[in-house]
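S.K.: Here you go, my_file21.cif (mmCIF, N, CA and C atoms):
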data_coords
loop_
_atom_site.label_atom_id
_atom_site.label_comp_id
_atom_site.auth_asym_id
_atom_site.auth_seq_id
_atom_site.Cartn_x
_atom_site.Cartn_y
_atom_site.Cartn_z
N GLN A 1 -4.53 69.94 1.05
CA GLN A 1 -5.35 69.57 2.19
C GLN A 1 -6.75 69.22 1.71
N VAL A 2 -7.17 68.02 2.03
CA VAL A 2 -8.50 67.57 1.64
C VAL A 2 -9.54 68.19 2.56
N GLN A 3 -10.63 68.62 1.98
CA GLN A 3 -11.75 69.11 2.77
C GLN A 3 -13.00 68.36 2.38
N LEU A 4 -13.83 68.05 3.37
CA LEU A 4 -15.06 67.30 3.16
C LEU A 4 -16.23 68.11 3.68
N VAL A 5 -17.29 68.17 2.90
CA VAL A 5 -18.49 68.88 3.32
C VAL A 5 -19.68 67.94 3.13
N GLU A 6 -20.35 67.63 4.23
CA GLU A 6 -21.47 66.71 4.22
C GLU A 6 -22.79 67.45 4.11
N SER A 7 -23.77 66.79 3.53
CA SER A 7 -25.11 67.36 3.45
C SER A 7 -26.14 66.24 3.33
N GLY A 8 -27.38 66.58 3.62
CA GLY A 8 -28.48 65.67 3.35
C GLY A 8 -29.09 64.96 4.54
N GLY A 9 -28.59 65.16 5.73
CA GLY A 9 -29.16 64.48 6.88
C GLY A 9 -30.54 65.02 7.23
N GLY A 10 -31.13 64.43 8.27
CA GLY A 10 -32.43 64.90 8.71
C GLY A 10 -33.24 63.79 9.33
N LEU A 11 -34.55 63.99 9.32
CA LEU A 11 -35.49 63.06 9.94
C LEU A 11 -36.22 62.26 8.87
N VAL A 12 -36.34 60.96 9.10
CA VAL A 12 -37.05 60.09 8.18
C VAL A 12 -37.80 59.06 8.99
N GLN A 13 -38.92 58.61 8.47
CA GLN A 13 -39.67 57.55 9.13
C GLN A 13 -39.05 56.20 8.84
N ALA A 14 -39.22 55.28 9.75
CA ALA A 14 -38.74 53.91 9.52
C ALA A 14 -39.35 53.38 8.22
N GLY A 15 -38.51 52.75 7.43
CA GLY A 15 -38.94 52.26 6.13
C GLY A 15 -38.71 53.24 4.99
N GLY A 16 -38.40 54.47 5.35
CA GLY A 16 -38.18 55.51 4.35
C GLY A 16 -36.75 55.57 3.86
N SER A 17 -36.49 56.61 3.08
CA SER A 17 -35.18 56.77 2.44
C SER A 17 -34.60 58.15 2.72
N LEU A 18 -33.29 58.19 2.70
CA LEU A 18 -32.57 59.45 2.90
C LEU A 18 -31.27 59.35 2.12
N THR A 19 -30.80 60.49 1.61
CA THR A 19 -29.57 60.52 0.85
C THR A 19 -28.57 61.46 1.51
N LEU A 20 -27.38 60.96 1.76
CA LEU A 20 -26.27 61.78 2.27
C LEU A 20 -25.27 62.03 1.15
N SER A 21 -24.71 63.23 1.13
CA SER A 21 -23.68 63.57 0.16
C SER A 21 -22.45 64.09 0.88
N CYS A 22 -21.30 63.82 0.31
CA CYS A 22 -20.03 64.31 0.86
C CYS A 22 -19.20 64.83 -0.30
N ALA A 23 -18.98 66.11 -0.33
CA ALA A 23 -18.20 66.73 -1.39
C ALA A 23 -16.74 66.84 -0.94
N ILE A 24 -15.84 66.40 -1.82
CA ILE A 24 -14.41 66.44 -1.52
C ILE A 24 -13.75 67.51 -2.37
N SER A 25 -12.86 68.27 -1.76
CA SER A 25 -12.12 69.28 -2.50
C SER A 25 -10.68 69.28 -2.00
N GLY A 26 -9.81 69.82 -2.81
CA GLY A 26 -8.43 69.97 -2.40
C GLY A 26 -7.47 68.99 -3.04
N ARG A 27 -7.97 67.80 -3.43
CA ARG A 27 -7.09 66.82 -4.05
C ARG A 27 -7.87 66.06 -5.13
N THR A 28 -7.16 65.35 -5.93
CA THR A 28 -7.80 64.51 -6.93
C THR A 28 -8.56 63.39 -6.24
N PHE A 29 -9.85 63.32 -6.49
CA PHE A 29 -10.67 62.40 -5.72
C PHE A 29 -10.30 60.95 -5.97
N SER A 30 -9.74 60.65 -7.13
CA SER A 30 -9.42 59.27 -7.44
C SER A 30 -8.30 58.73 -6.57
N SER A 31 -7.62 59.60 -5.82
CA SER A 31 -6.54 59.15 -4.94
C SER A 31 -7.06 58.63 -3.62
N TYR A 32 -8.35 58.73 -3.41
CA TYR A 32 -8.91 58.43 -2.10
C TYR A 32 -10.03 57.40 -2.18
N ALA A 33 -10.04 56.58 -1.15
CA ALA A 33 -11.24 55.80 -0.86
C ALA A 33 -12.09 56.67 0.05
N MET A 34 -13.37 56.70 -0.24
CA MET A 34 -14.25 57.54 0.58
C MET A 34 -15.44 56.74 1.06
N GLY A 35 -15.87 57.08 2.25
CA GLY A 35 -17.00 56.34 2.79
C GLY A 35 -17.61 57.03 3.98
N TRP A 36 -18.41 56.25 4.68
CA TRP A 36 -19.18 56.76 5.80
C TRP A 36 -19.03 55.86 7.02
N PHE A 37 -18.98 56.54 8.14
CA PHE A 37 -19.05 55.89 9.44
C PHE A 37 -20.21 56.53 10.18
N ARG A 38 -20.64 55.90 11.26
CA ARG A 38 -21.70 56.50 12.06
C ARG A 38 -21.47 56.22 13.53
N GLN A 39 -22.04 57.10 14.35
CA GLN A 39 -21.90 56.93 15.79
C GLN A 39 -23.21 57.30 16.46
N ALA A 40 -23.79 56.33 17.13
CA ALA A 40 -25.01 56.55 17.89
C ALA A 40 -24.63 56.87 19.34
N PRO A 41 -25.52 57.53 20.07
CA PRO A 41 -25.20 57.90 21.46
C PRO A 41 -24.81 56.69 22.30
N GLY A 42 -23.70 56.80 23.01
CA GLY A 42 -23.25 55.74 23.89
C GLY A 42 -22.54 54.60 23.20
N LEU A 43 -22.41 54.68 21.89
CA LEU A 43 -21.76 53.59 21.14
C LEU A 43 -20.51 54.11 20.44
N GLU A 44 -19.66 53.18 20.07
CA GLU A 44 -18.47 53.54 19.33
C GLU A 44 -18.82 53.83 17.86
N ARG A 45 -17.98 54.62 17.24
CA ARG A 45 -18.16 54.88 15.83
C ARG A 45 -17.97 53.58 15.05
N GLU A 46 -18.82 53.35 14.07
CA GLU A 46 -18.74 52.12 13.29
C GLU A 46 -18.74 52.41 11.80
N PHE A 47 -18.12 51.52 11.08
CA PHE A 47 -18.04 51.61 9.63
C PHE A 47 -19.40 51.33 9.01
N VAL A 48 -19.72 52.06 7.92
CA VAL A 48 -20.97 51.85 7.21
C VAL A 48 -20.72 51.37 5.78
N ALA A 49 -19.97 52.16 5.00
CA ALA A 49 -19.76 51.81 3.60
C ALA A 49 -18.57 52.58 3.07
N VAL A 50 -17.95 52.05 2.01
CA VAL A 50 -16.81 52.70 1.37
C VAL A 50 -16.84 52.42 -0.13
N VAL A 51 -16.32 53.39 -0.89
CA VAL A 51 -16.16 53.23 -2.33
C VAL A 51 -14.74 53.62 -2.69
N SER A 52 -14.11 52.84 -3.54
CA SER A 52 -12.74 53.14 -3.94
C SER A 52 -12.73 54.29 -4.95
N GLY A 53 -11.62 55.04 -4.95
CA GLY A 53 -11.52 56.16 -5.87
C GLY A 53 -11.30 55.70 -7.31
N LEU A 54 -10.59 54.60 -7.45
CA LEU A 54 -10.32 54.04 -8.77
C LEU A 54 -11.22 52.84 -9.00
N GLY A 55 -12.07 52.91 -9.94
CA GLY A 55 -12.89 51.76 -10.27
C GLY A 55 -14.24 51.72 -9.59
N GLY A 56 -14.37 52.41 -8.47
CA GLY A 56 -15.66 52.47 -7.82
C GLY A 56 -16.10 51.20 -7.12
N SER A 57 -15.16 50.37 -6.71
CA SER A 57 -15.54 49.17 -5.94
C SER A 57 -16.10 49.58 -4.59
N THR A 58 -17.02 48.79 -4.09
CA THR A 58 -17.69 49.14 -2.85
C THR A 58 -17.63 48.01 -1.83
N TYR A 59 -17.83 48.40 -0.57
CA TYR A 59 -17.87 47.43 0.53
C TYR A 59 -18.77 48.00 1.59
N TYR A 60 -19.60 47.11 2.19
CA TYR A 60 -20.60 47.55 3.14
C TYR A 60 -20.52 46.77 4.44
N ALA A 61 -20.95 47.43 5.50
CA ALA A 61 -21.15 46.71 6.75
C ALA A 61 -22.35 45.79 6.58
N ASP A 62 -22.33 44.66 7.26
CA ASP A 62 -23.42 43.70 7.13
C ASP A 62 -24.77 44.32 7.51
N SER A 63 -24.75 45.24 8.45
CA SER A 63 -25.99 45.82 8.96
C SER A 63 -26.71 46.68 7.92
N VAL A 64 -26.00 47.11 6.88
CA VAL A 64 -26.64 47.98 5.88
C VAL A 64 -26.65 47.36 4.50
N LYS A 65 -26.03 46.23 4.34
CA LYS A 65 -25.93 45.59 3.03
C LYS A 65 -27.32 45.30 2.48
N GLY A 66 -27.52 45.68 1.23
CA GLY A 66 -28.81 45.47 0.60
C GLY A 66 -29.78 46.62 0.80
N ARG A 67 -29.45 47.52 1.72
CA ARG A 67 -30.33 48.67 1.97
C ARG A 67 -29.66 49.99 1.59
N PHE A 68 -28.37 50.08 1.79
CA PHE A 68 -27.61 51.29 1.49
C PHE A 68 -26.79 51.08 0.23
N THR A 69 -26.61 52.17 -0.53
CA THR A 69 -25.78 52.14 -1.72
C THR A 69 -24.87 53.36 -1.72
N ILE A 70 -23.58 53.12 -1.89
CA ILE A 70 -22.62 54.21 -1.96
C ILE A 70 -22.09 54.31 -3.39
N SER A 71 -21.90 55.54 -3.86
CA SER A 71 -21.44 55.72 -5.23
C SER A 71 -20.78 57.09 -5.38
N TRP A 72 -20.03 57.21 -6.45
CA TRP A 72 -19.42 58.48 -6.80
C TRP A 72 -20.32 59.25 -7.76
N ASP A 73 -20.42 60.54 -7.53
CA ASP A 73 -20.95 61.47 -8.53
C ASP A 73 -19.74 62.22 -9.04
N ASN A 74 -19.12 61.67 -10.09
CA ASN A 74 -17.81 62.18 -10.52
C ASN A 74 -17.84 63.64 -10.94
N ASP A 75 -18.93 64.03 -11.55
CA ASP A 75 -19.02 65.41 -12.03
C ASP A 75 -18.93 66.41 -10.90
N LYS A 76 -19.36 65.98 -9.72
CA LYS A 76 -19.42 66.89 -8.59
C LYS A 76 -18.37 66.56 -7.53
N ASN A 77 -17.48 65.62 -7.82
CA ASN A 77 -16.50 65.20 -6.81
C ASN A 77 -17.19 64.89 -5.49
N THR A 78 -18.26 64.15 -5.57
CA THR A 78 -19.10 63.89 -4.41
C THR A 78 -19.37 62.41 -4.28
N VAL A 79 -19.37 61.96 -3.03
CA VAL A 79 -19.79 60.60 -2.73
C VAL A 79 -21.20 60.64 -2.17
N VAL A 80 -22.04 59.77 -2.67
CA VAL A 80 -23.44 59.75 -2.28
C VAL A 80 -23.75 58.44 -1.56
N LEU A 81 -24.42 58.55 -0.43
CA LEU A 81 -24.89 57.36 0.29
C LEU A 81 -26.41 57.37 0.25
N GLN A 82 -26.96 56.46 -0.52
CA GLN A 82 -28.41 56.32 -0.61
C GLN A 82 -28.85 55.30 0.43
N MET A 83 -29.71 55.73 1.33
CA MET A 83 -30.15 54.86 2.42
C MET A 83 -31.63 54.56 2.25
N ASN A 84 -31.95 53.31 2.04
CA ASN A 84 -33.33 52.87 1.86
C ASN A 84 -33.73 51.92 2.98
N SER A 85 -35.03 51.72 3.10
CA SER A 85 -35.58 50.80 4.11
C SER A 85 -34.94 51.06 5.47
N MET A 86 -34.96 52.29 5.86
CA MET A 86 -34.24 52.68 7.06
C MET A 86 -34.91 52.15 8.31
N LYS A 87 -34.08 51.88 9.31
CA LYS A 87 -34.53 51.33 10.57
C LYS A 87 -34.17 52.29 11.71
N PRO A 88 -34.86 52.21 12.82
CA PRO A 88 -34.52 53.07 13.95
C PRO A 88 -33.05 52.95 14.36
N GLU A 89 -32.49 51.76 14.22
CA GLU A 89 -31.10 51.57 14.61
C GLU A 89 -30.11 52.21 13.64
N ASP A 90 -30.60 52.76 12.54
CA ASP A 90 -29.73 53.52 11.63
C ASP A 90 -29.51 54.95 12.11
N ALA A 91 -30.28 55.38 13.11
CA ALA A 91 -30.15 56.74 13.62
C ALA A 91 -28.78 56.93 14.25
N ALA A 92 -28.11 58.00 13.86
CA ALA A 92 -26.76 58.26 14.35
C ALA A 92 -26.26 59.56 13.74
N VAL A 93 -25.10 59.99 14.20
CA VAL A 93 -24.37 61.03 13.48
C VAL A 93 -23.50 60.31 12.46
N TYR A 94 -23.62 60.70 11.22
CA TYR A 94 -22.88 60.07 10.13
C TYR A 94 -21.69 60.96 9.76
N TYR A 95 -20.55 60.32 9.62
CA TYR A 95 -19.31 61.03 9.30
C TYR A 95 -18.75 60.52 7.97
N CYS A 96 -18.41 61.46 7.11
CA CYS A 96 -17.72 61.13 5.87
C CYS A 96 -16.23 61.04 6.15
N ASN A 97 -15.57 60.13 5.46
CA ASN A 97 -14.12 59.95 5.63
C ASN A 97 -13.46 59.75 4.28
N ALA A 98 -12.34 60.41 4.08
CA ALA A 98 -11.49 60.21 2.90
C ALA A 98 -10.15 59.69 3.37
N SER A 99 -9.80 58.51 2.92
CA SER A 99 -8.53 57.89 3.30
C SER A 99 -7.76 57.49 2.06
N PRO A 100 -6.45 57.32 2.18
CA PRO A 100 -5.68 56.90 1.01
C PRO A 100 -6.27 55.65 0.37
N GLU A 101 -6.21 55.62 -0.94
CA GLU A 101 -6.82 54.53 -1.69
C GLU A 101 -6.34 53.16 -1.22
N GLU A 102 -5.10 53.09 -0.81
CA GLU A 102 -4.55 51.78 -0.42
C GLU A 102 -5.25 51.18 0.80
N THR A 103 -5.92 52.03 1.59
CA THR A 103 -6.63 51.46 2.74
C THR A 103 -7.81 50.60 2.28
N TYR A 104 -8.35 50.93 1.13
CA TYR A 104 -9.45 50.10 0.61
C TYR A 104 -8.92 48.72 0.22
N TYR A 105 -7.86 48.70 -0.54
CA TYR A 105 -7.35 47.43 -1.08
C TYR A 105 -6.61 46.61 -0.03
N SER A 106 -6.14 47.26 1.02
CA SER A 106 -5.50 46.51 2.10
C SER A 106 -6.50 46.00 3.11
N GLY A 107 -7.76 46.44 2.97
CA GLY A 107 -8.79 45.99 3.90
C GLY A 107 -8.76 46.68 5.24
N THR A 108 -8.13 47.85 5.31
CA THR A 108 -8.03 48.54 6.60
C THR A 108 -8.91 49.78 6.69
N TYR A 109 -9.56 50.13 5.62
CA TYR A 109 -10.36 51.35 5.63
C TYR A 109 -11.40 51.31 6.75
N TYR A 110 -12.02 50.15 6.93
CA TYR A 110 -13.15 50.06 7.85
C TYR A 110 -12.74 50.37 9.29
N ARG A 111 -11.45 50.34 9.61
CA ARG A 111 -11.01 50.62 10.97
C ARG A 111 -11.12 52.11 11.31
N GLY A 112 -11.17 52.96 10.27
CA GLY A 112 -11.36 54.38 10.51
C GLY A 112 -10.24 55.05 11.29
N ARG A 113 -9.03 54.61 11.11
CA ARG A 113 -7.91 55.15 11.91
C ARG A 113 -7.13 56.23 11.20
N VAL A 114 -7.37 56.42 9.92
CA VAL A 114 -6.61 57.43 9.18
C VAL A 114 -7.56 58.26 8.34
N GLY A 115 -6.98 59.30 7.70
CA GLY A 115 -7.75 60.07 6.75
C GLY A 115 -8.34 61.34 7.33
N THR A 116 -9.14 61.96 6.52
CA THR A 116 -9.80 63.22 6.84
C THR A 116 -11.28 62.96 7.10
N TRP A 117 -11.82 63.67 8.10
CA TRP A 117 -13.21 63.48 8.49
C TRP A 117 -14.04 64.73 8.21
N GLY A 118 -15.29 64.49 7.86
CA GLY A 118 -16.23 65.58 7.79
C GLY A 118 -16.71 65.96 9.17
N GLN A 119 -17.56 66.95 9.23
CA GLN A 119 -17.99 67.50 10.52
C GLN A 119 -19.08 66.65 11.18
N GLY A 120 -19.66 65.77 10.43
CA GLY A 120 -20.73 64.93 10.97
C GLY A 120 -22.10 65.52 10.66
N ILE A 121 -23.06 64.62 10.42
CA ILE A 121 -24.40 65.07 10.09
C ILE A 121 -25.40 64.12 10.75
N GLN A 122 -26.44 64.70 11.35
CA GLN A 122 -27.39 63.92 12.11
C GLN A 122 -28.42 63.25 11.22
N VAL A 123 -28.65 61.97 11.48
CA VAL A 123 -29.73 61.22 10.84
C VAL A 123 -30.62 60.67 11.94
N THR A 124 -31.89 60.98 11.88
CA THR A 124 -32.86 60.52 12.87
C THR A 124 -33.92 59.69 12.17
N VAL A 125 -34.23 58.53 12.75
CA VAL A 125 -35.23 57.64 12.17
C VAL A 125 -36.34 57.45 13.20
N SER A 126 -37.55 57.84 12.85
CA SER A 126 -38.67 57.69 13.76
C SER A 126 -39.37 56.36 13.51
N SER A 127 -39.79 55.72 14.60
CA SER A 127 -40.43 54.41 14.47
C SER A 127 -41.94 54.55 14.40
#
I'd like the structure from this file rewritten - as structure tokens, please.
M.R.:
Amino acid sequence: QVQLVESGGGLVQAGGSLTLSCAISGRTFSSYAMGWFRQAPGLEREFVAVVSGLGGSTYYADSVKGRFTISWDNDKNTVVLQMNSMKPEDAAVYYCNASPEETYYSGTYYRGRVGTWGQGIQVTVSS
């Protein structure tokens, strides 16, 4: 059973940076594509970024491309989301997700319909 533990949320000013981490335990991390989704009040949950377990390939939502970076910290079995140049519209509850690796290569990961979810972590951006 895969377990995910998120950390690093909080309050940041617009233009600032924040780092989210998601630690995975229970299975070999290379078997999973891992990433982040977010949900703002009154809106549907949306895809943010994903990294493949094998090779570390990445894919981003257009809204965060060039500002956010997702990567593996292999030593810690952790996925890190570095968020720079943050905007008020980035404020949301961020959820970590681990899905089978094939969802990355099939292009279905971003739908967020499968896998294991973290508990969610609040990110607030002040303008």
S.K.: Mind listing whatever residues come within 6.5 Å of the point (-19.3, 64.2, -1.9)? Use all atoms listed in the file, file coordinates, and give them as a PyMOL selection string.
M.R.: chain A and resi 5+21-24+76-80
S.K.: Quick one: distance from CA of Thr19 in chain A to CA of Trp72 in chain A in Å, one decimal?
M.R.: 12.9 Å
S.K.: So, counting all atoms listed in the file, which residue among A:Ser17, A:Tyr110, A:Lys87, A:Ser7 is closest to Val50 in chain A?
M.R.: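 Between A:Ser17, A:Tyr110, A:Lys87, A:Ser7, the residue approaching Val50 in chain A most closely is A:Tyr110.
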S.K.: Distance cut-off 5 Å, centre (-37.3, 50.7, 5.6) in file coordinates, counting only N, CA and C atoms: which residues qualify? Return them as an NGL selection string.
M.R.: :A and (14-16 or 84-86)
S.K.: Identify which of the residues A:Trp36, A:Gly10, A:Tyr104, A:Gly120 lies closest to Ser52 in chain A, counting all atoms listed in the file when measuring atom-to-atom distances.
M.R.: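 Closest to Ser52 in chain A, using all atoms listed in the file: A:Tyr104.
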S.K.: Please identify which residues in range 37-109 of chain A DSSP calls strand (DSSP E) from the backbone, and express them as a count of residues only.
M.R.: 33
S.K.: So, with only C-alpha atoms as the atoms that count, which of A:Phe37, A:Trp117, A:Tyr95, A:Tyr105 lies closest to Val64 in chain A?
M.R.: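 Looking at the shortest contact to Val64 in chain A, the residue is A:Phe37.
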S.K.: Going by DSSP on the backbone, which residues of range 52-116 of chain A come out as helix (DSSP H, G or I)? List them as a list in words.
M.R.: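 Helix (DSSP H, G or I) assignments inside range 52-116 of chain A correspond to Asn74, Asp75, Lys76, Pro88, Glu89, Asp90, Glu101, Glu102, Thr103, Tyr104, Tyr105, Tyr109, Tyr110 and Arg111 of chain A.
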S.K.: Using CA of Leu54 in chain A and CA of Arg67 in chain A as the two end points, give the distance in Å to one decimal.
M.R.: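 Atom-to-atom, CA of Leu54 in chain A and CA of Arg67 in chain A are spaced 23.3 Å apart.
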S.K.: Mind giving me the straight-line distance from atom C of Gly9 in chain A to atom N of Ala98 in chain A in Å, one decimal?
M.R.: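 Taking atom C of Gly9 in chain A and atom N of Ala98 in chain A, their separation equals 19.0 Å.
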S.K.: Considering only N, CA and C atoms, return as number ranges by chain whatever protein or nucleic-acid residues lie within 7 Å of Leu11 in chain A, sequence-local ones (same chain, fewer than 5 positions apart) excluded.
M.R.: A: 122-126
S.K.: Could you dump the residues just selected with N, CA and C atoms as an mmCIF file, in the coordinates of the input?
M.R.:
data_model
loop_
_atom_site.group_PDB
_atom_site.id
_atom_site.type_symbol
_atom_site.label_atom_id
_atom_site.label_comp_id
_atom_site.auth_asym_id
_atom_site.auth_seq_id
_atom_site.Cartn_x
_atom_site.Cartn_y
_atom_site.Cartn_z
ATOM 1 N N GLN A 122 -26.440 64.700 11.350
ATOM 2 C CA GLN A 122 -27.390 63.920 12.110
ATOM 3 C C GLN A 122 -28.420 63.250 11.220
ATOM 4 N N VAL A 123 -28.650 61.970 11.480
ATOM 5 C CA VAL A 123 -29.730 61.220 10.840
ATOM 6 C C VAL A 123 -30.620 60.670 11.940
ATOM 7 N N THR A 124 -31.890 60.980 11.880
ATOM 8 C CA THR A 124 -32.860 60.520 12.870
ATOM 9 C C THR A 124 -33.920 59.690 12.170
ATOM 10 N N VAL A 125 -34.230 58.530 12.750
ATOM 11 C CA VAL A 125 -35.230 57.640 12.170
ATOM 12 C C VAL A 125 -36.340 57.450 13.200
ATOM 13 N N SER A 126 -37.550 57.840 12.850
ATOM 14 C CA SER A 126 -38.670 57.690 13.760
ATOM 15 C C SER A 126 -39.370 56.360 13.510
#
S.K.: Could you tell me which residues the PyMOL selection byres ((chain A and resi 100) around 7) returns for this structure, as a ChimeraX atom specification?
M.R.: /A:31-33,98-99,101-104,114-116
S.K.: Find the residue from A:Leu43, A:Gln13, A:Val2, A:Ser71 that sits nearest to Gly56 in chain A; use only N, CA and C atoms when measuring.
M.R.: A:Ser71
S.K.: Would you mind putting all heavy atoms back on range 70-79 of chain A and writing the result as a tab-separated table (two decimals), keeping the file's coordinate frame?
M.R.:
chain	number	residue	atom	x	y	z
A	70	ILE	N	-23.58	53.12	-1.89
A	70	ILE	CA	-22.62	54.21	-1.96
A	70	ILE	C	-22.09	54.31	-3.39
A	70	ILE	O	-21.86	53.29	-4.05
A	70	ILE	CB	-21.46	54.01	-0.95
A	70	ILE	CG1	-20.59	55.25	-0.86
A	70	ILE	CG2	-20.63	52.77	-1.29
A	70	ILE	CD1	-19.61	55.22	0.29
A	71	SER	N	-21.90	55.54	-3.86
A	71	SER	CA	-21.44	55.72	-5.23
A	71	SER	C	-20.78	57.09	-5.38
A	71	SER	O	-20.98	57.97	-4.55
A	71	SER	CB	-22.60	55.59	-6.21
A	71	SER	OG	-23.57	56.59	-5.96
A	72	TRP	N	-20.03	57.21	-6.45
A	72	TRP	CA	-19.42	58.48	-6.80
A	72	TRP	C	-20.32	59.25	-7.76
A	72	TRP	O	-20.88	58.66	-8.69
A	72	TRP	CB	-18.09	58.25	-7.52
A	72	TRP	CG	-16.93	57.95	-6.66
A	72	TRP	CD1	-16.35	56.74	-6.45
A	72	TRP	CD2	-16.17	58.89	-5.90
A	72	TRP	NE1	-15.28	56.86	-5.61
A	72	TRP	CE2	-15.14	58.18	-5.25
A	72	TRP	CE3	-16.25	60.26	-5.70
A	72	TRP	CZ2	-14.21	58.79	-4.42
A	72	TRP	CZ3	-15.33	60.87	-4.87
A	72	TRP	CH2	-14.33	60.13	-4.24
A	73	ASP	N	-20.42	60.54	-7.53
A	73	ASP	CA	-20.95	61.47	-8.53
A	73	ASP	C	-19.74	62.22	-9.04
A	73	ASP	O	-19.34	63.24	-8.48
A	73	ASP	CB	-21.97	62.42	-7.92
A	73	ASP	CG	-22.58	63.36	-8.96
A	73	ASP	OD1	-21.97	63.53	-10.03
A	73	ASP	OD2	-23.65	63.92	-8.70
A	74	ASN	N	-19.12	61.67	-10.09
A	74	ASN	CA	-17.81	62.18	-10.52
A	74	ASN	C	-17.84	63.64	-10.94
A	74	ASN	O	-16.90	64.39	-10.72
A	74	ASN	CB	-17.27	61.32	-11.65
A	74	ASN	CG	-16.91	59.93	-11.20
A	74	ASN	OD1	-16.81	59.65	-10.01
A	74	ASN	ND2	-16.73	59.02	-12.15
A	75	ASP	N	-18.93	64.03	-11.55
A	75	ASP	CA	-19.02	65.41	-12.03
A	75	ASP	C	-18.93	66.41	-10.90
A	75	ASP	O	-18.49	67.55	-11.07
A	75	ASP	CB	-20.30	65.62	-12.81
A	75	ASP	CG	-20.30	64.89	-14.14
A	75	ASP	OD1	-19.19	64.54	-14.61
A	75	ASP	OD2	-21.38	64.67	-14.70
A	76	LYS	N	-19.36	65.98	-9.72
A	76	LYS	CA	-19.42	66.89	-8.59
A	76	LYS	C	-18.37	66.56	-7.53
A	76	LYS	O	-18.39	67.16	-6.46
A	76	LYS	CB	-20.81	66.85	-7.98
A	76	LYS	CG	-21.91	67.29	-8.93
A	76	LYS	CD	-23.27	67.24	-8.26
A	76	LYS	CE	-24.37	67.68	-9.21
A	76	LYS	NZ	-25.71	67.63	-8.57
A	77	ASN	N	-17.48	65.62	-7.82
A	77	ASN	CA	-16.50	65.20	-6.81
A	77	ASN	C	-17.19	64.89	-5.49
A	77	ASN	O	-16.74	65.32	-4.42
A	77	ASN	CB	-15.44	66.28	-6.60
A	77	ASN	CG	-14.40	66.27	-7.70
A	77	ASN	OD1	-14.53	65.58	-8.69
A	77	ASN	ND2	-13.36	67.04	-7.51
A	78	THR	N	-18.26	64.15	-5.57
A	78	THR	CA	-19.10	63.89	-4.41
A	78	THR	C	-19.37	62.41	-4.28
A	78	THR	O	-19.58	61.72	-5.27
A	78	THR	CB	-20.43	64.65	-4.54
A	78	THR	OG1	-20.17	66.05	-4.60
A	78	THR	CG2	-21.35	64.36	-3.37
A	79	VAL	N	-19.37	61.96	-3.03
A	79	VAL	CA	-19.79	60.60	-2.73
A	79	VAL	C	-21.20	60.64	-2.17
A	79	VAL	O	-21.50	61.47	-1.28
A	79	VAL	CB	-18.83	59.93	-1.72
A	79	VAL	CG1	-19.43	58.64	-1.20
A	79	VAL	CG2	-17.51	59.64	-2.39
